[in-house]
>>> print(open('final-v9.txt').read())   # compact mmCIF, C-alpha atoms
# COMPACT_ATOMS: atom_id res chain seq x y z
CA MET A 1 15.09 -67.46 -113.59
CA GLU A 2 17.78 -69.50 -115.33
CA LEU A 3 20.90 -67.88 -116.74
CA GLY A 4 22.97 -69.10 -119.68
CA LEU A 5 25.96 -68.07 -121.81
CA GLY A 6 25.87 -67.36 -125.53
CA LEU A 7 26.23 -67.16 -128.40
CA LEU A 8 29.56 -68.83 -129.13
CA SER A 9 30.45 -68.30 -132.80
CA ALA A 10 34.26 -68.78 -133.12
CA GLN A 11 34.53 -65.76 -135.42
CA ARG A 12 37.74 -63.91 -136.17
CA LEU A 13 38.26 -60.24 -136.88
CA PRO A 14 40.27 -59.11 -139.93
CA GLY A 15 43.93 -59.56 -139.06
CA ASP A 16 43.25 -62.23 -136.44
CA ASP A 17 45.83 -64.93 -137.16
CA ARG A 18 44.55 -67.50 -134.68
CA SER A 19 43.97 -70.92 -136.18
CA ALA A 20 40.57 -72.60 -136.20
CA SER A 21 41.93 -75.03 -133.61
CA GLU A 22 42.79 -72.16 -131.27
CA ARG A 23 39.42 -70.48 -131.68
CA TYR A 24 37.45 -73.66 -131.13
CA GLY A 25 39.65 -74.50 -128.17
CA GLU A 26 38.60 -71.18 -126.67
CA VAL A 27 34.94 -72.06 -127.27
CA LEU A 28 35.40 -75.23 -125.21
CA GLU A 29 37.22 -73.28 -122.51
CA LEU A 30 34.31 -70.85 -122.27
CA GLY A 31 31.84 -73.74 -122.04
CA ARG A 32 33.77 -75.24 -119.14
CA ALA A 33 33.97 -71.83 -117.46
CA ALA A 34 30.20 -71.38 -117.75
CA GLU A 35 29.68 -74.72 -116.00
CA ASP A 36 32.27 -73.91 -113.32
CA ALA A 37 30.51 -70.59 -112.68
CA GLY A 38 27.22 -72.39 -112.07
CA LEU A 39 25.44 -71.09 -115.17
CA ASP A 40 22.55 -73.12 -116.51
CA SER A 41 23.33 -73.32 -120.22
CA VAL A 42 25.83 -72.62 -123.00
CA TRP A 43 24.73 -71.79 -126.55
CA THR A 44 26.36 -71.94 -129.98
CA SER A 45 25.33 -69.90 -133.01
CA GLU A 46 25.44 -70.76 -136.73
CA HIS A 47 26.06 -69.17 -140.12
CA HIS A 48 27.72 -70.34 -143.33
CA PHE A 49 30.04 -69.08 -146.10
CA THR A 50 31.21 -65.99 -144.18
CA ASP A 51 34.59 -64.28 -144.49
CA ASP A 52 35.08 -64.26 -140.71
CA GLU A 53 34.56 -68.04 -140.37
CA TYR A 54 31.41 -67.80 -138.26
CA LEU A 55 30.71 -71.17 -136.64
CA SER A 56 29.07 -73.53 -139.15
CA GLY A 57 29.42 -76.95 -137.50
CA THR A 58 26.78 -76.79 -134.79
CA MET A 59 26.41 -80.46 -133.98
CA PRO A 60 30.17 -81.27 -133.86
CA THR A 61 30.72 -78.27 -131.59
CA LEU A 62 27.92 -79.29 -129.25
CA GLY A 63 29.34 -82.82 -129.21
CA ALA A 64 32.73 -81.42 -128.21
CA LEU A 65 31.11 -79.27 -125.51
CA ALA A 66 29.34 -82.39 -124.25
CA GLY A 67 32.71 -84.06 -123.77
CA ALA A 68 34.22 -80.99 -122.12
CA THR A 69 31.44 -80.52 -119.54
CA GLU A 70 29.36 -82.67 -117.22
CA GLU A 71 26.10 -80.99 -116.22
CA ILE A 72 25.38 -77.75 -118.07
CA GLU A 73 22.58 -77.59 -120.67
CA LEU A 74 23.93 -77.47 -124.24
CA ALA A 75 21.95 -75.59 -126.87
CA SER A 76 22.01 -74.41 -130.46
CA GLY A 77 20.97 -70.81 -130.87
CA VAL A 78 19.99 -71.59 -133.59
CA ALA A 79 20.59 -74.37 -136.12
CA LEU A 80 19.37 -73.30 -139.57
CA THR A 81 17.00 -76.15 -140.28
CA PRO A 82 16.49 -75.95 -144.09
CA PHE A 83 20.20 -76.62 -144.66
CA TYR A 84 20.16 -79.95 -142.81
CA ASP A 85 19.25 -83.36 -144.06
CA PRO A 86 16.55 -84.02 -141.44
CA VAL A 87 17.47 -87.68 -140.98
CA ARG A 88 21.14 -86.86 -140.34
CA LEU A 89 20.04 -84.06 -138.01
CA ALA A 90 17.91 -86.55 -136.08
CA GLU A 91 20.86 -88.96 -135.82
CA ASP A 92 23.40 -86.28 -134.89
CA ALA A 93 21.17 -84.63 -132.30
CA ALA A 94 20.35 -88.01 -130.73
CA THR A 95 24.07 -88.79 -130.61
CA VAL A 96 24.86 -85.50 -128.84
CA GLN A 97 21.98 -86.23 -126.47
CA ALA A 98 23.51 -89.62 -125.65
CA ILE A 99 27.06 -88.28 -125.25
CA SER A 100 25.86 -85.46 -123.00
CA ASP A 101 23.57 -87.62 -120.86
CA ASP A 102 20.40 -85.85 -122.05
CA ARG A 103 21.60 -82.22 -121.89
CA LEU A 104 20.80 -81.07 -125.44
CA THR A 105 18.30 -78.37 -126.31
CA LEU A 106 17.91 -78.16 -130.08
CA GLY A 107 17.24 -74.59 -131.14
CA LEU A 108 16.03 -74.34 -134.74
CA SER A 109 15.16 -71.58 -137.18
CA ILE A 110 14.04 -71.20 -140.80
CA GLY A 111 17.05 -69.05 -141.84
CA TYR A 112 16.99 -65.76 -143.73
CA LEU A 113 20.24 -65.03 -145.62
CA ASP A 114 19.93 -65.34 -149.41
CA PHE A 115 23.54 -66.42 -149.99
CA GLU A 116 23.17 -69.32 -147.58
CA PHE A 117 20.12 -70.66 -149.44
CA GLU A 118 21.85 -70.15 -152.80
CA ASN A 119 25.04 -71.94 -151.77
CA PHE A 120 23.18 -74.86 -150.23
CA GLY A 121 20.92 -75.09 -153.28
CA VAL A 122 17.79 -74.80 -151.15
CA PRO A 123 14.87 -72.71 -152.46
CA LYS A 124 14.21 -69.97 -149.94
CA ASP A 125 10.46 -70.19 -150.48
CA GLU A 126 10.59 -73.75 -149.08
CA ARG A 127 12.22 -72.75 -145.78
CA THR A 128 9.06 -72.85 -143.66
CA ASP A 129 7.80 -76.12 -145.14
CA ARG A 130 11.24 -77.72 -144.78
CA THR A 131 11.50 -76.65 -141.15
CA GLU A 132 8.05 -77.93 -140.21
CA ASP A 133 8.71 -81.21 -142.03
CA ALA A 134 12.04 -81.59 -140.21
CA ILE A 135 10.43 -81.03 -136.82
CA GLU A 136 7.82 -83.71 -137.50
CA LEU A 137 10.53 -86.10 -138.67
CA LEU A 138 12.71 -85.38 -135.61
CA ARG A 139 9.84 -86.05 -133.20
CA ASN A 140 9.11 -89.39 -134.86
CA ALA A 141 12.74 -90.41 -135.32
CA TRP A 142 13.49 -90.05 -131.61
CA GLU A 143 10.76 -92.52 -130.63
CA PRO A 144 11.52 -96.27 -130.44
CA GLY A 145 10.79 -98.38 -133.49
CA SER A 146 10.17 -97.45 -137.09
CA LEU A 147 9.98 -93.84 -138.20
CA GLY A 148 6.27 -93.90 -139.02
CA TYR A 149 6.48 -90.64 -140.93
CA ASP A 150 6.46 -89.90 -144.65
CA SER A 151 8.70 -86.88 -145.18
CA ASP A 152 8.03 -84.43 -148.00
CA PHE A 153 11.72 -83.57 -148.37
CA HIS A 154 13.61 -86.79 -147.64
CA PRO A 155 12.98 -90.09 -149.45
CA ILE A 156 13.08 -92.32 -146.39
CA SER A 157 10.77 -95.25 -145.82
CA PRO A 158 8.36 -94.82 -142.89
CA ASP A 159 9.42 -98.36 -141.95
CA ALA A 160 13.05 -97.34 -141.42
CA GLU A 161 14.40 -97.13 -137.89
CA VAL A 162 16.51 -94.07 -137.11
CA THR A 163 19.10 -94.55 -134.36
CA PRO A 164 20.30 -93.96 -131.73
CA THR A 165 17.07 -93.69 -129.80
CA PRO A 166 17.57 -91.11 -127.06
CA ASP A 167 16.54 -91.94 -123.51
CA GLU A 168 14.87 -88.51 -123.47
CA PRO A 169 14.19 -86.68 -126.75
CA PRO A 170 15.92 -83.29 -126.91
CA GLU A 171 13.66 -80.32 -126.41
CA ILE A 172 13.04 -78.33 -129.59
CA VAL A 173 13.13 -74.55 -129.28
CA LEU A 174 12.24 -72.33 -132.22
CA GLY A 175 13.86 -68.97 -132.82
CA ALA A 176 11.26 -66.57 -134.13
CA LEU A 177 10.58 -62.86 -134.53
CA ALA A 178 7.47 -62.38 -136.69
CA LYS A 179 4.04 -63.29 -135.35
CA PRO A 180 3.44 -66.35 -137.63
CA ALA A 181 6.85 -67.75 -136.67
CA VAL A 182 6.23 -67.19 -132.97
CA ARG A 183 2.90 -69.00 -133.31
CA ARG A 184 4.71 -71.85 -135.04
CA ALA A 185 6.93 -72.08 -131.98
CA ALA A 186 3.83 -72.23 -129.79
CA ARG A 187 2.35 -75.08 -131.83
CA MET A 188 5.42 -77.15 -132.68
CA GLY A 189 8.08 -76.32 -130.09
CA ASP A 190 8.91 -76.90 -126.47
CA GLY A 191 10.09 -73.32 -126.23
CA TRP A 192 10.62 -70.03 -128.02
CA CYS A 193 13.91 -68.16 -128.39
CA ALA A 194 13.63 -64.35 -128.55
CA ASN A 195 16.64 -62.56 -130.02
CA GLU A 196 18.26 -59.29 -129.05
CA MET A 197 16.11 -57.18 -131.39
CA LEU A 198 13.10 -57.52 -129.09
CA SER A 199 12.43 -55.34 -126.06
CA VAL A 200 10.96 -56.66 -122.83
CA ASP A 201 7.54 -55.33 -123.93
CA ASP A 202 7.88 -57.01 -127.35
CA ILE A 203 8.70 -60.33 -125.70
CA GLU A 204 5.83 -60.00 -123.24
CA LEU A 205 3.34 -59.43 -126.09
CA ARG A 206 4.59 -62.48 -127.98
CA GLN A 207 4.62 -64.55 -124.82
CA ASP A 208 0.95 -63.70 -124.25
CA ASP A 209 0.18 -64.75 -127.83
CA ILE A 210 1.99 -68.05 -127.31
CA GLU A 211 -0.05 -68.76 -124.19
CA GLN A 212 -3.26 -67.96 -126.05
CA VAL A 213 -2.40 -70.24 -128.99
CA ARG A 214 -1.49 -73.14 -126.73
CA GLU A 215 -4.65 -72.70 -124.67
CA GLU A 216 -6.93 -72.41 -127.72
CA GLU A 217 -5.40 -75.49 -129.36
CA ASP A 218 -5.21 -77.43 -126.09
CA ILE A 219 -1.45 -77.98 -126.30
CA GLY A 220 -0.10 -79.32 -123.04
CA GLY A 221 3.37 -79.74 -121.61
CA GLU A 222 5.99 -77.31 -120.40
CA PHE A 223 7.02 -74.40 -122.61
CA THR A 224 10.06 -72.20 -121.98
CA THR A 225 10.82 -68.67 -123.15
CA TYR A 226 14.51 -68.13 -123.87
CA VAL A 227 15.74 -64.54 -124.18
CA VAL A 228 19.06 -63.68 -125.85
CA GLN A 229 20.64 -60.28 -125.21
CA TYR A 230 24.13 -58.83 -125.39
CA GLY A 231 25.80 -57.80 -122.15
CA PHE A 232 29.01 -57.60 -120.17
CA VAL A 233 29.94 -57.49 -116.47
CA GLY A 234 32.73 -55.20 -115.28
CA ASP A 235 33.83 -52.97 -112.43
CA THR A 236 32.01 -49.98 -113.97
CA TYR A 237 29.54 -49.30 -116.75
CA GLU A 238 32.26 -47.57 -118.77
CA GLU A 239 34.70 -50.47 -118.47
CA ALA A 240 32.10 -53.10 -119.36
CA TRP A 241 30.81 -51.13 -122.34
CA GLU A 242 34.30 -50.41 -123.68
CA THR A 243 35.14 -54.12 -123.56
CA LEU A 244 31.99 -55.21 -125.39
CA ARG A 245 31.49 -52.29 -127.78
CA ASP A 246 33.83 -52.89 -130.73
CA GLY A 247 33.13 -56.61 -131.13
CA TYR A 248 29.41 -56.02 -130.62
CA PHE A 249 29.34 -53.29 -133.29
CA TYR A 250 31.41 -55.47 -135.64
CA GLN A 251 29.01 -58.38 -135.26
CA GLN A 252 25.93 -56.22 -135.83
CA ARG A 253 27.57 -54.61 -138.87
CA LYS A 254 28.28 -58.04 -140.35
CA TYR A 255 24.68 -59.17 -139.77
CA GLN A 256 23.53 -56.07 -141.64
CA GLU A 257 25.99 -56.69 -144.49
CA TRP A 258 24.90 -60.28 -144.90
CA ALA A 259 21.21 -59.40 -144.86
CA GLU A 260 21.53 -56.48 -147.30
CA GLY A 261 24.10 -58.10 -149.58
CA GLU A 262 26.45 -55.11 -149.65
CA GLU A 263 29.33 -53.82 -147.56
CA VAL A 264 28.54 -51.65 -144.56
CA ASP A 265 31.53 -49.49 -143.57
CA GLU A 266 30.10 -48.10 -140.36
CA LEU A 267 26.95 -48.24 -138.30
CA SER A 268 25.09 -44.95 -138.05
CA ASP A 269 25.18 -42.91 -134.84
CA GLU A 270 21.52 -43.76 -134.34
CA GLN A 271 22.23 -47.50 -134.68
CA ARG A 272 25.11 -47.27 -132.23
CA GLU A 273 22.97 -45.48 -129.67
CA GLU A 274 20.17 -48.01 -130.05
CA LEU A 275 22.58 -50.94 -129.68
CA GLU A 276 24.13 -49.46 -126.55
CA GLU A 277 20.65 -48.93 -125.11
CA ARG A 278 19.76 -52.60 -125.70
CA ALA A 279 22.92 -54.07 -124.20
CA ILE A 280 22.96 -55.00 -120.52
CA VAL A 281 26.32 -53.77 -119.26
CA GLY A 282 27.79 -52.53 -116.01
CA THR A 283 28.58 -53.73 -112.51
CA PRO A 284 27.12 -56.99 -111.18
CA GLU A 285 24.48 -54.91 -109.37
CA ASP A 286 23.57 -53.06 -112.58
CA VAL A 287 23.32 -56.24 -114.63
CA ALA A 288 21.28 -58.07 -111.98
CA GLU A 289 18.86 -55.15 -111.78
CA GLU A 290 18.22 -55.19 -115.54
CA LEU A 291 17.88 -58.97 -115.64
CA GLY A 292 15.42 -58.68 -112.77
CA GLU A 293 13.24 -56.51 -114.98
CA TYR A 294 13.02 -59.36 -117.50
CA ARG A 295 12.18 -61.82 -114.72
CA ASP A 296 9.49 -59.55 -113.28
CA ALA A 297 7.87 -58.99 -116.68
CA LEU A 298 8.17 -62.49 -118.14
CA GLY A 299 7.96 -64.73 -115.08
CA GLU A 300 10.30 -66.79 -112.94
CA ASP A 301 10.55 -69.53 -115.58
CA VAL A 302 12.26 -67.34 -118.21
CA HIS A 303 15.69 -68.58 -119.31
CA PHE A 304 17.98 -65.65 -120.08
CA VAL A 305 20.94 -66.22 -122.42
CA PHE A 306 23.51 -63.54 -121.62
CA ARG A 307 25.67 -62.72 -124.64
CA PRO A 308 29.11 -61.26 -123.80
CA TYR A 309 30.79 -63.18 -126.60
CA ALA A 310 31.86 -61.07 -129.58
CA PRO A 311 34.92 -61.31 -131.84
CA GLY A 312 37.94 -59.38 -130.64
CA ILE A 313 37.30 -59.76 -126.91
CA GLU A 314 40.16 -61.57 -125.23
CA ASN A 315 39.27 -64.94 -123.73
CA GLU A 316 40.67 -63.88 -120.36
CA GLU A 317 38.21 -60.98 -120.29
CA LEU A 318 35.35 -63.30 -121.22
CA LEU A 319 36.37 -65.82 -118.56
CA GLU A 320 36.32 -63.10 -115.90
CA CYS A 321 32.92 -61.87 -117.09
CA ILE A 322 31.54 -65.43 -116.93
CA ARG A 323 32.93 -65.91 -113.42
CA ARG A 324 31.29 -62.71 -112.21
CA LEU A 325 28.06 -63.56 -113.98
CA GLY A 326 27.84 -66.81 -112.03
CA GLU A 327 29.25 -65.66 -108.68
CA GLU A 328 28.03 -62.07 -108.42
CA VAL A 329 25.02 -61.66 -110.72
CA ALA A 330 23.13 -64.97 -110.48
CA PRO A 331 22.84 -64.92 -106.65
CA ARG A 332 21.16 -61.50 -106.85
CA LEU A 333 18.42 -63.01 -109.00
>>> encode(input="final-v9.txt", output="structure tokens")
Amino acid sequence: MELGLGLLSAQRLPGDDRSASERYGEVLELGRAAEDAGLDSVWTSEHHFTDDEYLSGTMPTLGALAGATEEIELASGVALTPFYDPVRLAEDAATVQAISDDRLTLGLSIGYLDFEFENFGVPKDERTDRTEDAIELLRNAWEPGSLGYDSDFHPISPDAEVTPTPDEPPEIVLGALAKPAVRRAARMGDGWCANEMLSVDDIELRQDDIEQVREEEDIGGEFTTYVVQYGFVGDTYEEAWETLRDGYFYQQRKYQEWAEGEEVDELSDEQREELEERAIVGTPEDVAEELGEYRDALGEDVHFVFRPYAPGIENEELLECIRRLGEEVAPRL
């Protein structure tokens, strides 16, 4: 079982007067800490046009993380594919792959927020087609020689050569929740990223479906399941939960606001209880035990992305959580 850190979003709470430089500096500090702690990966997140300045520049941030670290896997969790020019995405991802010495995992998704599609001028009903087209273009662009692909959404000649050519093409991981999207990951991706809304049983069912699709369609090669879930490591359950709670609730409230298009003052008591039940918090022993349940259900090859990062949590608290995750939780797995 591999263990990573996510999802770094550089958000700020209302009243937070830190500059963007300070917040992104902290992101790099957390990436270095994850590597120092022996974790396997560090993940960014992405949204656009938000009032809390949620991270929007995925590829520049991953490039900066590549320069700040030496060995840890760098991943986007996830880049919102319809909003990218696919040729520039191919170039930028290949550049990060070169800078990082082949450490990039490119997580992609079709997106879902109406205001993002409206502000980018991208028809939402094209999101699936644009994503599939981009994946095909990326695969071809990262091979030596001419592109050899006629894109439906970018007027580039199939004879054009997209550079740089990576020594090893980045793996493409698709974030997906609904069954058709999970099956798209099985067919087109090198992995699937399951978000925090899914239980262990939900993930296991989708994992079985992925295996069936790949077997029926004779798709070879390695395929990795990535699981993202909120959590925090502390001296006690109460301490860990108190540290995570407010930022976690804020982030979930903002996701709900953005999706529904109207302000959400407070989460309901039922939502709060459900969110607390999902989160993996407590002592190193507690956290390792819960992560072990994922490993036992999903297999030794599962890559778990532990998510202690939420706006409002002091970087010193996050750094200590990361240290304990690497030194006290990972060895128990």
>>> residues_around(input="final-v9.txt", residues="Pro86 of chain A", least_positions_apart="2", cutoff="7 Å", atoms="all atoms listed in the file", output="list in words")
Tyr84, Arg88, Leu89, Ala90, Ala134 and Leu137 of chain A
>>> closest_residue(input="final-v9.txt", among="A:Asp51, A:Glu46, A:Asp102, A:Glu285", to="Asp167 of chain A", atoms="only C-alpha atoms")
A:Asp102
>>> axis_aligned_box(input="final-v9.txt", around="segment 289-297 of chain A", padding_each_side="4 Å", output="AutoDock Vina command-line options")
--center_x 13.4 --center_y -58.5 --center_z -114.6 --size_x 19.0 --size_y 14.7 --size_z 13.7
>>> residues_around(input="final-v9.txt", residues="Glu260 of chain A", least_positions_apart="6", cutoff="12 Å", atoms="all atoms listed in the file", output="list of chain:residue names")
A:Tyr112, A:Leu113, A:Asp114, A:Phe115, A:Arg253, A:Lys254
>>> atom_distance(input="final-v9.txt", atom1="atom CA of Leu325 of chain A", atom2="atom CA of His303 of chain A")
14.4 Å
>>> residues_around(input="final-v9.txt", residues="segment 138-154 of chain A", least_positions_apart="4", cutoff="9 Å", atoms="all atoms listed in the file", output="VMD selection string")
chain A and resid 85 to 87 89 to 91 94 129 to 130 133 to 134 158 to 170
>>> closest_residue(input="final-v9.txt", among="A:Val228, A:Arg12, A:Ile313, A:Glu216", to="Trp43 of chain A", atoms="only C-alpha atoms")
A:Val228
>>> atom_distance(input="final-v9.txt", atom1="atom CA of Gly63 of chain A", atom2="atom CA of Ser109 of chain A")
19.8 Å
>>> atom_distance(input="final-v9.txt", atom1="atom CA of Ala310 of chain A", atom2="atom CA of Ala64 of chain A")
20.4 Å
>>> closest_residue(input="final-v9.txt", among="A:Arg332, A:Gly261, A:Gln11, A:Gly326", to="Glu26 of chain A", atoms="only C-alpha atoms")
A:Gln11
>>> closest_residue(input="final-v9.txt", among="A:Glu215, A:Asp235, A:Asp190, A:Glu29", to="Val287 of chain A", atoms="all atoms listed in the file")
A:Asp235
>>> closest_residue(input="final-v9.txt", among="A:Glu300, A:Glu132, A:Glu22, A:Glu317", to="Leu3 of chain A", atoms="all atoms listed in the file")
A:Glu300
>>> residues_around(input="final-v9.txt", residues="Thr105 of chain A", least_positions_apart="2", cutoff="8 Å", atoms="only C-alpha atoms", output="ChimeraX atom specification")
/A:73-76,103,107,170-173
>>> closest_residue(input="final-v9.txt", among="A:Asp16, A:Glu196, A:Asp209, A:Asp52", to="Gly77 of chain A", atoms="all atoms listed in the file")
A:Glu196
>>> residues_near_point(input="final-v9.txt", point="(24.2, -61.0, -128.0)", cutoff="9 Å", atoms="only C-alpha atoms", output="list of chain:residue names")
A:Gly6, A:Leu7, A:Asn195, A:Glu196, A:Val228, A:Gln229, A:Tyr230, A:Gly231, A:Tyr248, A:Ala279, A:Val305, A:Phe306, A:Arg307, A:Pro308, A:Tyr309, A:Ala310
>>> write_last_selection(input="final-v9.txt", atoms="C-alpha atoms", output="short mmCIF file (atom, residue, chain, number, x, y, z; two decimals), in the frame of the given file")
data_model
loop_
_atom_site.label_atom_id
_atom_site.label_comp_id
_atom_site.auth_asym_id
_atom_site.auth_seq_id
_atom_site.Cartn_x
_atom_site.Cartn_y
_atom_site.Cartn_z
CA GLY A 6 25.87 -67.36 -125.53
CA LEU A 7 26.23 -67.16 -128.40
CA ASN A 195 16.64 -62.56 -130.02
CA GLU A 196 18.26 -59.29 -129.05
CA VAL A 228 19.06 -63.68 -125.85
CA GLN A 229 20.64 -60.28 -125.21
CA TYR A 230 24.13 -58.83 -125.39
CA GLY A 231 25.80 -57.80 -122.15
CA TYR A 248 29.41 -56.02 -130.62
CA ALA A 279 22.92 -54.07 -124.20
CA VAL A 305 20.94 -66.22 -122.42
CA PHE A 306 23.51 -63.54 -121.62
CA ARG A 307 25.67 -62.72 -124.64
CA PRO A 308 29.11 -61.26 -123.80
CA TYR A 309 30.79 -63.18 -126.60
CA ALA A 310 31.86 -61.07 -129.58
#
>>> decode(input="final-v9.txt", residues="segment 325-333 of chain A", atoms="all heavy atoms", output="compact mmCIF listing (two decimals), in the first residue's frame")
# COMPACT_ATOMS: atom_id res chain seq x y z
N LEU A 325 2.52 10.87 9.94
CA LEU A 325 1.97 10.00 8.92
C LEU A 325 3.08 9.11 8.34
O LEU A 325 2.89 7.90 8.13
CB LEU A 325 1.32 10.83 7.83
CG LEU A 325 0.43 10.11 6.81
CD1 LEU A 325 -0.77 9.47 7.46
CD2 LEU A 325 -0.02 11.09 5.73
N GLY A 326 4.23 9.74 8.06
CA GLY A 326 5.34 8.98 7.49
C GLY A 326 6.07 8.11 8.50
O GLY A 326 6.43 6.96 8.19
N GLU A 327 6.28 8.63 9.72
CA GLU A 327 7.11 7.91 10.70
C GLU A 327 6.33 6.95 11.59
O GLU A 327 6.90 5.96 12.05
CB GLU A 327 7.82 8.94 11.59
CG GLU A 327 8.84 9.80 10.84
CD GLU A 327 9.54 10.79 11.75
OE1 GLU A 327 9.33 10.72 12.99
OE2 GLU A 327 10.30 11.64 11.24
N GLU A 328 5.06 7.22 11.82
CA GLU A 328 4.31 6.42 12.78
C GLU A 328 3.14 5.64 12.18
O GLU A 328 2.72 4.64 12.75
CB GLU A 328 3.78 7.33 13.90
CG GLU A 328 4.90 8.05 14.66
CD GLU A 328 4.35 8.97 15.74
OE1 GLU A 328 3.46 8.52 16.50
OE2 GLU A 328 4.80 10.13 15.83
N VAL A 329 2.59 6.13 11.05
CA VAL A 329 1.48 5.42 10.43
C VAL A 329 1.97 4.46 9.35
O VAL A 329 1.65 3.26 9.36
CB VAL A 329 0.47 6.41 9.81
CG1 VAL A 329 -0.61 5.66 9.04
CG2 VAL A 329 -0.17 7.27 10.91
N ALA A 330 2.77 4.97 8.40
CA ALA A 330 3.21 4.14 7.28
C ALA A 330 3.89 2.84 7.71
O ALA A 330 3.59 1.78 7.13
CB ALA A 330 4.13 4.95 6.36
N PRO A 331 4.78 2.84 8.73
CA PRO A 331 5.40 1.57 9.11
C PRO A 331 4.40 0.52 9.60
O PRO A 331 4.65 -0.67 9.47
CB PRO A 331 6.35 1.99 10.24
CG PRO A 331 6.65 3.42 10.00
CD PRO A 331 5.38 3.98 9.45
N ARG A 332 3.26 0.96 10.14
CA ARG A 332 2.26 0.01 10.61
C ARG A 332 1.48 -0.65 9.47
O ARG A 332 0.75 -1.60 9.68
CB ARG A 332 1.28 0.72 11.55
CG ARG A 332 1.87 1.10 12.90
CD ARG A 332 0.84 1.77 13.80
NE ARG A 332 1.26 1.79 15.18
CZ ARG A 332 1.96 2.77 15.73
NH1 ARG A 332 2.33 3.81 15.01
NH2 ARG A 332 2.30 2.70 17.01
N LEU A 333 1.65 -0.10 8.26
CA LEU A 333 0.95 -0.66 7.11
C LEU A 333 1.81 -1.67 6.35
O LEU A 333 1.36 -2.19 5.35
CB LEU A 333 0.52 0.48 6.16
CG LEU A 333 -0.45 1.51 6.76
CD1 LEU A 333 -0.66 2.66 5.80
CD2 LEU A 333 -1.77 0.85 7.09
